[in-house]
>>> print(open('my_file_36.csv').read())   # CSV, C-alpha atoms (C1' of nucleotides)
chain,number,residue,atom,x,y,z
A,1,MET,CA,-5.3,31.4,-19.7
A,2,THR,CA,-3.3,30.1,-16.8
A,3,PHE,CA,-4.8,29.0,-13.5
A,4,SER,CA,-3.9,27.8,-10.0
A,5,ILE,CA,-3.5,24.3,-8.7
A,6,GLY,CA,-6.9,24.4,-7.1
A,7,ILE,CA,-8.6,25.2,-10.4
A,8,LEU,CA,-6.6,22.4,-12.1
A,9,SER,CA,-7.7,20.1,-9.3
A,10,ARG,CA,-11.4,20.8,-10.0
A,11,ARG,CA,-11.0,20.6,-13.8
A,12,ALA,CA,-9.3,17.3,-13.7
A,13,GLY,CA,-10.9,15.8,-10.7
A,14,VAL,CA,-7.7,15.2,-8.9
A,15,LYS,CA,-6.9,16.5,-5.4
A,16,VAL,CA,-4.4,19.2,-4.9
A,17,PRO,CA,-1.9,17.3,-2.8
A,18,THR,CA,-2.1,14.5,-5.4
A,19,ILE,CA,-1.2,16.8,-8.2
A,20,ARG,CA,1.9,18.0,-6.2
A,21,TYR,CA,2.7,14.4,-5.5
A,22,TYR,CA,2.5,13.6,-9.3
A,23,GLU,CA,4.9,16.5,-9.9
A,24,GLN,CA,7.3,15.1,-7.3
A,25,VAL,CA,7.3,11.6,-9.0
A,26,GLY,CA,7.6,13.1,-12.4
A,27,LEU,CA,4.2,12.4,-13.9
A,28,MET,CA,3.4,16.1,-14.1
A,29,PRO,CA,5.8,18.8,-15.2
A,30,SER,CA,7.1,21.5,-12.8
A,31,PRO,CA,5.0,24.3,-13.9
A,32,PRO,CA,5.9,28.0,-14.1
A,33,ARG,CA,5.4,29.9,-10.8
A,34,THR,CA,4.1,33.3,-9.9
A,35,ASP,CA,6.4,35.8,-8.1
A,36,GLY,CA,5.1,34.3,-4.9
A,37,GLN,CA,6.0,30.7,-5.9
A,38,GLN,CA,2.5,29.6,-6.7
A,39,ARG,CA,2.1,27.1,-9.6
A,40,ARG,CA,0.3,28.2,-12.8
A,41,TYR,CA,-1.2,25.7,-15.2
A,42,GLY,CA,-2.7,25.7,-18.7
A,43,ASP,CA,-5.1,23.4,-20.6
A,44,ALA,CA,-2.4,21.0,-21.6
A,45,GLU,CA,-2.0,20.1,-17.9
A,46,VAL,CA,-5.7,19.4,-17.6
A,47,ALA,CA,-5.5,17.0,-20.5
A,48,ARG,CA,-2.4,15.3,-19.0
A,49,LEU,CA,-3.9,15.0,-15.6
A,50,ASN,CA,-7.1,13.5,-17.1
A,51,PHE,CA,-5.0,11.0,-18.8
A,52,ILE,CA,-3.2,10.1,-15.6
A,53,ARG,CA,-6.5,9.9,-13.6
A,54,HIS,CA,-8.1,7.7,-16.1
A,55,ALA,CA,-5.1,5.4,-16.3
A,56,ARG,CA,-5.0,5.2,-12.5
A,57,GLU,CA,-8.7,4.4,-12.4
A,58,LEU,CA,-7.9,1.5,-14.7
A,59,GLY,CA,-5.3,0.4,-12.2
A,60,PHE,CA,-2.1,1.2,-14.1
A,61,GLU,CA,0.8,1.8,-11.8
A,62,VAL,CA,2.6,5.2,-11.8
A,63,ASP,CA,5.6,3.6,-13.5
A,64,ALA,CA,3.4,2.3,-16.3
A,65,ILE,CA,1.7,5.7,-16.7
A,66,ARG,CA,5.1,7.4,-17.0
A,67,GLU,CA,5.8,5.1,-19.9
A,68,LEU,CA,2.4,5.5,-21.5
A,69,LEU,CA,2.8,9.3,-21.3
A,70,ALA,CA,6.2,9.1,-22.8
A,71,MET,CA,4.9,6.9,-25.7
A,72,SER,CA,1.9,9.1,-26.3
A,73,ALA,CA,4.3,12.0,-26.9
A,74,GLN,CA,5.7,10.0,-29.9
A,75,PRO,CA,2.7,9.6,-32.1
A,76,GLU,CA,4.7,8.4,-35.1
A,77,GLU,CA,6.2,5.4,-33.2
A,78,SER,CA,4.7,2.0,-33.4
A,79,CYS,CA,2.2,1.4,-30.7
A,80,ALA,CA,3.5,-2.1,-30.0
A,81,GLU,CA,4.9,-1.1,-26.7
A,82,VAL,CA,1.7,0.6,-25.6
A,83,ASP,CA,-0.2,-2.6,-26.6
A,84,ARG,CA,2.3,-4.7,-24.6
A,85,LEU,CA,1.9,-2.6,-21.5
A,86,ALA,CA,-1.9,-2.7,-21.7
A,87,ARG,CA,-2.0,-6.5,-22.3
A,88,ARG,CA,0.4,-7.1,-19.4
A,89,HIS,CA,-1.8,-5.0,-17.2
A,90,LEU,CA,-4.9,-6.9,-18.4
A,91,ALA,CA,-3.2,-10.2,-17.6
A,92,GLU,CA,-2.5,-8.9,-14.1
A,93,VAL,CA,-6.1,-7.9,-13.6
A,94,GLU,CA,-7.3,-11.3,-14.8
A,95,GLN,CA,-5.0,-13.0,-12.4
A,96,ARG,CA,-6.3,-10.9,-9.5
A,97,ILE,CA,-9.8,-11.8,-10.6
A,98,THR,CA,-9.0,-15.5,-10.6
A,99,ARG,CA,-7.5,-15.3,-7.2
A,100,LEU,CA,-10.3,-13.3,-5.7
A,101,ILE,CA,-12.9,-15.7,-7.1
A,102,ALA,CA,-11.1,-18.6,-5.4
A,103,LEU,CA,-11.2,-16.5,-2.2
A,104,ARG,CA,-14.8,-15.8,-2.6
A,105,THR,CA,-15.6,-19.5,-3.0
A,106,GLU,CA,-13.8,-20.3,0.1
A,107,LEU,CA,-15.4,-17.5,2.1
A,108,GLN,CA,-18.8,-18.5,0.9
A,109,ARG,CA,-18.3,-22.1,1.9
A,110,MET,CA,-17.1,-20.9,5.3
A,111,VAL,CA,-20.1,-18.7,6.0
A,112,THR,CA,-22.7,-21.0,4.7
A,113,GLU,CA,-21.4,-23.9,6.7
A,114,CYS,CA,-21.4,-21.9,9.9
A,115,GLY,CA,-24.1,-23.3,12.1
A,116,HIS,CA,-24.5,-20.0,14.0
A,117,GLY,CA,-23.9,-21.8,17.3
A,118,ARG,CA,-20.9,-21.4,19.5
A,119,VAL,CA,-17.4,-20.4,18.5
A,120,GLY,CA,-16.1,-23.9,19.4
A,121,GLU,CA,-18.1,-25.4,16.5
A,122,CYS,CA,-17.8,-22.5,14.1
A,123,ARG,CA,-16.7,-23.7,10.7
A,124,VAL,CA,-15.1,-20.3,10.0
A,125,ILE,CA,-12.7,-20.7,12.8
A,126,GLN,CA,-12.1,-24.4,12.0
A,127,VAL,CA,-11.3,-23.7,8.4
A,128,LEU,CA,-8.9,-20.9,9.4
A,129,ALA,CA,-7.3,-23.1,12.0
A,130,ASP,CA,-6.8,-26.1,9.7
A,131,HIS,CA,-5.7,-25.3,6.2
A,132,GLY,CA,-6.3,-28.9,5.2
A,133,GLU,CA,-10.0,-28.3,5.4
A,134,CYS,CA,-9.8,-25.6,2.8
A,135,ASP,CA,-10.0,-27.2,-0.7
A,136,HIS,CA,-11.8,-30.5,0.2
A,137,ASP,CA,-14.0,-31.1,3.2
A,138,HIS,CA,-12.9,-34.4,4.8
A,139,GLY,CA,-15.5,-33.9,7.6
A,140,GLY,CA,-15.4,-33.3,11.3
A,141,GLY,CA,-13.0,-30.7,12.5
A,142,ARG,CA,-12.8,-31.3,16.2
A,143,PRO,CA,-15.0,-29.0,18.2
A,144,GLY,CA,-13.6,-27.1,21.2
A,145,SER,CA,-10.7,-24.7,21.7
A,146,THR,CA,-8.2,-24.3,18.9
A,147,GLY,CA,-5.4,-24.4,21.5
A,148,PHE,CA,-3.4,-21.5,20.2
A,149,ALA,CA,-0.9,-19.5,22.1
A,150,GLU,CA,-2.2,-16.2,23.4
A,151,ALA,CA,-0.8,-13.0,22.2
B,1,MET,CA,10.0,-29.3,22.7
B,2,THR,CA,10.8,-25.7,22.1
B,3,PHE,CA,12.4,-24.3,18.9
B,4,SER,CA,13.8,-21.2,17.2
B,5,ILE,CA,12.1,-18.7,15.1
B,6,GLY,CA,13.7,-20.2,12.0
B,7,ILE,CA,12.1,-23.6,12.7
B,8,LEU,CA,8.8,-22.0,13.4
B,9,SER,CA,9.1,-20.1,10.2
B,10,ARG,CA,9.6,-23.4,8.2
B,11,ARG,CA,6.8,-25.2,10.1
B,12,ALA,CA,4.2,-22.5,9.5
B,13,GLY,CA,5.4,-21.3,6.2
B,14,VAL,CA,5.8,-17.7,7.3
B,15,LYS,CA,9.1,-15.8,6.9
B,16,VAL,CA,11.1,-14.9,10.0
B,17,PRO,CA,10.9,-11.1,9.7
B,18,THR,CA,7.1,-11.5,9.2
B,19,ILE,CA,6.9,-13.5,12.5
B,20,ARG,CA,8.7,-10.7,14.3
B,21,TYR,CA,6.4,-8.2,12.7
B,22,TYR,CA,3.4,-10.2,13.9
B,23,GLU,CA,4.8,-10.1,17.4
B,24,GLN,CA,5.3,-6.3,17.1
B,25,VAL,CA,1.7,-5.7,16.1
B,26,GLY,CA,0.3,-8.1,18.7
B,27,LEU,CA,-0.8,-11.1,16.5
B,28,MET,CA,1.8,-13.3,18.0
B,29,PRO,CA,2.8,-13.5,21.7
B,30,SER,CA,6.2,-12.3,23.0
B,31,PRO,CA,7.7,-15.8,23.5
B,32,PRO,CA,10.2,-16.8,26.2
B,33,ARG,CA,13.9,-16.1,25.3
B,34,THR,CA,17.1,-18.0,25.8
B,35,ASP,CA,19.9,-16.5,27.9
B,36,GLY,CA,21.1,-14.9,24.6
B,37,GLN,CA,17.7,-13.3,23.9
B,38,GLN,CA,16.7,-15.7,21.2
B,39,ARG,CA,13.0,-16.5,20.9
B,40,ARG,CA,11.8,-20.0,21.7
B,41,TYR,CA,8.4,-21.4,20.5
B,42,GLY,CA,6.2,-24.4,21.0
B,43,ASP,CA,3.5,-26.2,19.0
B,44,ALA,CA,0.8,-23.7,20.0
B,45,GLU,CA,2.6,-21.0,18.2
B,46,VAL,CA,2.8,-23.1,15.0
B,47,ALA,CA,-1.0,-23.5,15.2
B,48,ARG,CA,-1.5,-19.9,15.8
B,49,LEU,CA,0.8,-18.8,13.0
B,50,ASN,CA,-1.0,-21.3,10.6
B,51,PHE,CA,-4.3,-19.7,11.5
B,52,ILE,CA,-2.8,-16.2,10.8
B,53,ARG,CA,-1.3,-17.3,7.5
B,54,HIS,CA,-4.5,-18.9,6.3
B,55,ALA,CA,-6.5,-15.9,7.3
B,56,ARG,CA,-4.0,-13.6,5.5
B,57,GLU,CA,-4.2,-15.8,2.4
B,58,LEU,CA,-8.0,-15.3,2.5
B,59,GLY,CA,-7.3,-11.6,2.6
B,60,PHE,CA,-8.4,-10.8,6.1
B,61,GLU,CA,-6.7,-7.7,7.5
B,62,VAL,CA,-4.4,-7.9,10.5
B,63,ASP,CA,-7.1,-6.1,12.6
B,64,ALA,CA,-9.7,-8.6,11.6
B,65,ILE,CA,-7.3,-11.5,12.4
B,66,ARG,CA,-6.7,-10.1,15.8
B,67,GLU,CA,-10.4,-10.2,16.4
B,68,LEU,CA,-10.8,-13.7,15.0
B,69,LEU,CA,-8.0,-14.9,17.2
B,70,ALA,CA,-9.6,-13.3,20.3
B,71,MET,CA,-12.9,-14.9,19.4
B,72,SER,CA,-11.4,-18.3,18.8
B,73,ALA,CA,-10.1,-18.2,22.3
B,74,GLN,CA,-13.7,-18.1,23.6
B,75,PRO,CA,-15.2,-21.3,22.2
B,76,GLU,CA,-18.3,-21.1,24.4
B,77,GLU,CA,-19.3,-17.7,23.0
B,78,SER,CA,-21.7,-17.3,20.1
B,79,CYS,CA,-20.1,-17.2,16.8
B,80,ALA,CA,-22.3,-14.5,15.5
B,81,GLU,CA,-19.4,-12.0,15.5
B,82,VAL,CA,-17.2,-14.4,13.7
B,83,ASP,CA,-19.9,-14.9,11.1
B,84,ARG,CA,-20.3,-11.1,10.8
B,85,LEU,CA,-16.6,-10.6,10.2
B,86,ALA,CA,-16.4,-13.3,7.6
B,87,ARG,CA,-19.5,-12.0,5.8
B,88,ARG,CA,-18.3,-8.4,5.8
B,89,HIS,CA,-15.0,-9.6,4.3
B,90,LEU,CA,-16.9,-11.7,1.7
B,91,ALA,CA,-18.8,-8.6,0.7
B,92,GLU,CA,-15.6,-6.6,0.3
B,93,VAL,CA,-14.1,-9.4,-1.9
B,94,GLU,CA,-17.2,-9.4,-4.0
B,95,GLN,CA,-17.0,-5.6,-4.5
B,96,ARG,CA,-13.4,-5.9,-5.5
B,97,ILE,CA,-14.3,-8.6,-8.0
B,98,THR,CA,-17.1,-6.5,-9.5
B,99,ARG,CA,-14.7,-3.5,-9.9
B,100,LEU,CA,-12.0,-5.6,-11.4
B,101,ILE,CA,-14.3,-7.2,-13.9
B,102,ALA,CA,-15.4,-3.7,-15.1
B,103,LEU,CA,-11.7,-2.8,-15.4
B,104,ARG,CA,-11.1,-6.0,-17.4
B,105,THR,CA,-13.9,-5.2,-19.8
B,106,GLU,CA,-12.5,-1.8,-20.4
B,107,LEU,CA,-8.9,-3.1,-20.9
B,108,GLN,CA,-10.1,-5.8,-23.2
B,109,ARG,CA,-11.9,-3.3,-25.3
B,110,MET,CA,-8.8,-1.1,-25.4
B,111,VAL,CA,-6.5,-3.8,-26.5
B,112,THR,CA,-8.8,-5.5,-29.0
B,113,GLU,CA,-9.5,-2.1,-30.7
B,114,CYS,CA,-5.8,-1.3,-31.0
B,115,GLY,CA,-4.9,-1.5,-34.7
B,116,HIS,CA,-1.2,-2.1,-34.0
B,117,GLY,CA,-0.3,0.9,-36.0
B,118,ARG,CA,1.3,4.1,-34.8
B,119,VAL,CA,0.8,5.6,-31.4
B,120,GLY,CA,-1.1,8.5,-32.9
B,121,GLU,CA,-4.0,6.2,-33.8
B,122,CYS,CA,-3.7,3.8,-30.9
B,123,ARG,CA,-7.0,3.2,-29.2
B,124,VAL,CA,-5.3,2.5,-25.9
B,125,ILE,CA,-3.9,6.0,-25.8
B,126,GLN,CA,-7.0,7.6,-27.1
B,127,VAL,CA,-9.2,6.0,-24.5
B,128,LEU,CA,-6.9,7.0,-21.8
B,129,ALA,CA,-6.7,10.5,-23.0
B,130,ASP,CA,-10.5,10.9,-23.3
B,131,HIS,CA,-12.5,9.5,-20.5
B,132,GLY,CA,-15.7,10.1,-22.5
B,133,GLU,CA,-14.7,7.2,-24.8
B,134,CYS,CA,-14.7,4.8,-21.9
B,135,ASP,CA,-18.3,3.5,-21.5
B,136,HIS,CA,-19.7,4.2,-24.9
B,137,ASP,CA,-17.8,4.5,-28.2
B,138,HIS,CA,-19.0,7.6,-30.1
B,139,GLY,CA,-16.5,7.1,-32.8
B,140,GLY,CA,-13.4,8.8,-34.2
B,141,GLY,CA,-10.9,10.0,-31.6
B,142,ARG,CA,-8.8,12.4,-33.5
B,143,PRO,CA,-5.5,10.9,-34.5
B,144,GLY,CA,-2.2,12.7,-33.8
B,145,SER,CA,-0.5,14.0,-30.7
B,146,THR,CA,-2.5,14.1,-27.5
B,147,GLY,CA,-1.0,17.6,-26.9
B,148,PHE,CA,-0.2,17.0,-23.2
B,149,ALA,CA,2.3,19.0,-21.3
B,150,GLU,CA,5.6,17.3,-20.9
B,151,ALA,CA,6.9,16.3,-17.5
C,1,DC,C1',-5.2,51.2,0.0
C,2,DC,C1',-6.1,47.9,3.4
C,3,DT,C1',-7.9,44.0,5.5
C,4,DA,C1',-9.7,39.3,5.6
C,5,DC,C1',-9.4,34.9,4.5
C,6,DA,C1',-9.3,31.3,1.2
C,7,DA,C1',-6.0,29.1,-1.0
C,8,DG,C1',-1.3,28.4,-1.8
C,9,DC,C1',3.5,26.9,-0.2
C,10,DT,C1',7.1,23.3,2.0
C,11,DC,C1',8.1,19.8,5.0
C,12,DT,C1',7.3,15.8,7.7
C,13,DA,C1',4.9,11.8,9.0
C,14,DG,C1',1.5,8.2,8.6
C,15,DC,C1',-1.2,4.3,6.3
C,16,DG,C1',-0.8,-1.5,5.7
C,17,DA,C1',1.8,-5.4,5.6
C,18,DC,C1',5.5,-6.4,5.1
C,19,DT,C1',10.8,-6.5,3.1
C,20,DA,C1',15.7,-5.4,3.0
C,21,DG,C1',19.9,-4.4,5.0
C,22,DA,C1',23.5,-3.0,8.5
C,23,DG,C1',26.1,-4.5,12.2
C,24,DG,C1',26.6,-7.3,15.7
C,25,DA,C1',25.6,-11.5,19.1
C,26,DT,C1',24.6,-16.4,19.8
C,27,DC,C1',24.1,-21.3,19.1
C,28,DA,C1',25.1,-26.0,17.5
C,29,DA,C1',28.0,-29.1,15.0
C,30,DG,C1',32.5,-30.8,14.1
D,1,DC,C1',37.5,-24.1,20.0
D,2,DT,C1',36.3,-22.5,15.7
D,3,DT,C1',33.3,-21.9,12.1
D,4,DG,C1',29.3,-20.3,10.0
D,5,DA,C1',24.4,-20.5,10.0
D,6,DT,C1',21.1,-18.4,12.5
D,7,DC,C1',19.6,-15.0,15.6
D,8,DC,C1',19.2,-10.1,17.5
D,9,DT,C1',17.7,-4.9,17.1
D,10,DC,C1',17.2,-1.0,14.5
D,11,DT,C1',16.3,1.8,10.6
D,12,DA,C1',14.5,2.7,6.2
D,13,DG,C1',12.1,1.5,2.0
D,14,DT,C1',8.0,-0.1,-0.7
D,15,DC,C1',3.2,2.2,-3.2
D,16,DG,C1',0.1,5.9,-3.9
D,17,DC,C1',-1.4,8.8,-1.7
D,18,DT,C1',-3.3,11.6,2.7
D,19,DA,C1',-3.0,14.6,6.8
D,20,DG,C1',-1.3,18.2,9.4
D,21,DA,C1',1.8,22.0,11.0
D,22,DG,C1',3.2,26.5,10.3
D,23,DC,C1',3.8,29.9,7.2
D,24,DT,C1',3.0,33.0,2.7
D,25,DT,C1',0.4,34.7,-1.2
D,26,DG,C1',-3.5,36.1,-4.0
D,27,DT,C1',-7.8,38.3,-4.5
D,28,DA,C1',-12.2,40.4,-3.5
D,29,DG,C1',-14.7,43.7,-0.8
D,30,DG,C1',-15.0,47.9,1.6
>>> encode(input="my_file_36.csv", output="structure tokens")
Amino acid sequence: MTFSIGILSRRAGVKVPTIRYYEQVGLMPSPPRTDGQQRRYGDAEVARLNFIRHARELGFEVDAIRELLAMSAQPEESCAEVDRLARRHLAEVEQRITRLIALRTELQRMVTECGHGRVGECRVIQVLADHGECDHDHGGGRPGSTGFAEA
Amino acid sequence: MTFSIGILSRRAGVKVPTIRYYEQVGLMPSPPRTDGQQRRYGDAEVARLNFIRHARELGFEVDAIRELLAMSAQPEESCAEVDRLARRHLAEVEQRITRLIALRTELQRMVTECGHGRVGECRVIQVLADHGECDHDHGGGRPGSTGFAEA
DNA sequence: CCTACAAGCTCTAGCGACTAGAGGATCAAG
DNA sequence: CTTGATCCTCTAGTCGCTAGAGCTTGTAGG
């Protein structure tokens, strides 16, 4: 009926220290303890932890999960807020994708233009040194040392 | 000829505390100081800081930038290592994109399936509660409370 | 009943790349 | 010479864990 944190860990696929961390930040309840102060859990906690894990895998932040959990405890309420949270997160993910795709394009251009010669002519280094070469190639970054200060 | 950290900050588009942080972690040199211990920089530092900023914008980690800077100081060396670093980073970016697109798909499905009714029937909550509903929809998550423990 | 020892406990510190703030010194312009 | 913007160092906080020290507890076998 009740079980230890290690069992809970295996059942929900969340590491033991992470469960304790979730308790600390208020995602998981403070469970009852044995006489020796060891935590005892039940099936409800497995469900809750699965919910948390899945939400984390989808990239929801701990604050958002706290809200989602609070809302899910009110099944009669309108789910407009839940929807809003999920949409906002979706928008963030889409923004990250957009930015990463721009990065990928830039990195691809850098590596395909690298002539595999010496560092002095390396496009990768040139593009990094001169931001102006980033979006449009206006030809001929000067070869040679970049002339940086040394750390 | 030489200028303060604030001027360097404006010229390179990097905040003052970030410049000091870069000095601390060895990306920027320890510059000469005035009698009153204030840092003085020259144009080489503007170039170096621009390089760092651009590399950060492309998502290179500080460790990678340290290596890139070291390599760029050796223009006669082969750029194979530079190339390797850039390609590895590109591969990481591509992986992140792949994962984020999977997340986006899942989130889109969640929000489009939400009927905008009560929380008890909300698909967003249901999918989060039951990982099994994630990749393939086998119909009819039971409505009602999720039955979690409370935090 | 006793002994191992796995698993639990608390507490602190570390990751990466900054950011914020306190509390004080210095520099440049008027 | 005064004002006030800028600079200095230092510590601590962010986020979501993860690692480790040093100790206690639970449980299974003998």
>>> closest_residue(input="my_file_36.csv", among="B:Ala149, B:Ile101, B:Val111, B:Ala86", to="Arg48 in chain A", atoms="all atoms listed in the file")
B:Ala149
>>> interface_residues(input="my_file_36.csv", of="chain A", to="chain D", cutoff="9 Å", atoms="only C-alpha atoms (C1' of nucleotides)", output="list in words")
Pro17, Thr18, Tyr21, Gly36, Gln37, Gln38, Glu61 and Val62 of chain A
>>> interface_residues(input="my_file_36.csv", of="chain A", to="chain C", cutoff="12 Å", atoms="only C-alpha atoms (C1' of nucleotides)", output="number ranges by chain")
A: 4-7, 16-17, 20, 33-34, 36-40
>>> closest_atom_pairs(input="my_file_36.csv", of="chain B", to="chain A", cutoff="7 Å", atoms="only C-alpha atoms", output="Markdown table")
| residue | atom | partner | partner_atom | distance |
| --- | --- | --- | --- | --- |
| B:Gly26 | CA | A:Ala151 | CA | 6.1 |
| B:Leu27 | CA | A:Ala151 | CA | 6.0 |
| B:Met28 | CA | A:Ala151 | CA | 4.9 |
| B:Pro29 | CA | A:Ala151 | CA | 3.7 |
| B:Ala44 | CA | A:Phe148 | CA | 4.7 |
| B:Glu45 | CA | A:Ala149 | CA | 5.5 |
| B:Ala47 | CA | A:Phe148 | CA | 5.9 |
| B:Arg48 | CA | A:Phe148 | CA | 5.1 |
| B:Asn50 | CA | A:Ala129 | CA | 6.7 |
| B:Phe51 | CA | A:Ala129 | CA | 4.6 |
| B:His54 | CA | A:Leu128 | CA | 5.7 |
| B:Ala55 | CA | A:Leu128 | CA | 5.9 |
| B:Leu58 | CA | A:Leu103 | CA | 5.8 |
| B:Ser72 | CA | A:Val119 | CA | 6.4 |
| B:Ala73 | CA | A:Ser145 | CA | 6.6 |
| B:Gln74 | CA | A:Val119 | CA | 6.7 |
| B:Pro75 | CA | A:Gly120 | CA | 3.9 |
| B:Glu76 | CA | A:Arg118 | CA | 5.6 |
| B:Glu77 | CA | A:Arg118 | CA | 5.3 |
| B:Ser78 | CA | A:Arg118 | CA | 4.2 |
| B:Cys79 | CA | A:Val119 | CA | 4.5 |
| B:Ala80 | CA | A:His116 | CA | 6.1 |
| B:Asp83 | CA | A:Val111 | CA | 6.4 |
| B:Ala86 | CA | A:Val111 | CA | 6.7 |
| B:Arg87 | CA | A:Val111 | CA | 6.7 |
| B:Leu90 | CA | A:Leu107 | CA | 6.0 |
| B:Val93 | CA | A:Arg104 | CA | 6.5 |
| B:Glu94 | CA | A:Arg104 | CA | 7.0 |
| B:Ile97 | CA | A:Ile97 | CA | 6.1 |
| B:Leu100 | CA | A:Ile97 | CA | 6.6 |
| B:Leu103 | CA | A:Leu58 | CA | 5.8 |
| B:Arg104 | CA | A:Leu90 | CA | 6.3 |
| B:Leu107 | CA | A:Leu90 | CA | 6.1 |
| B:Val111 | CA | A:Asp83 | CA | 6.4 |
| B:His116 | CA | A:Cys79 | CA | 5.9 |
| B:Gly117 | CA | A:Ser78 | CA | 5.7 |
| B:Arg118 | CA | A:Ser78 | CA | 4.2 |
| B:Val119 | CA | A:Cys79 | CA | 4.5 |
| B:Gly120 | CA | A:Pro75 | CA | 4.0 |
| B:Cys122 | CA | A:Cys79 | CA | 6.4 |
| B:Ile125 | CA | A:Ser72 | CA | 6.6 |
| B:Leu128 | CA | A:Phe51 | CA | 5.3 |
| B:Ala129 | CA | A:Phe51 | CA | 4.6 |
| B:His131 | CA | A:His54 | CA | 6.5 |
| B:Gly144 | CA | A:Pro75 | CA | 6.0 |
| B:Ser145 | CA | A:Pro75 | CA | 5.6 |
| B:Thr146 | CA | A:Ser72 | CA | 6.8 |
| B:Gly147 | CA | A:Ala44 | CA | 6.5 |
| B:Phe148 | CA | A:Ala44 | CA | 4.8 |
| B:Ala149 | CA | A:Ala44 | CA | 5.1 |
| B:Glu150 | CA | A:Pro29 | CA | 5.9 |
| B:Ala151 | CA | A:Pro29 | CA | 3.6 |
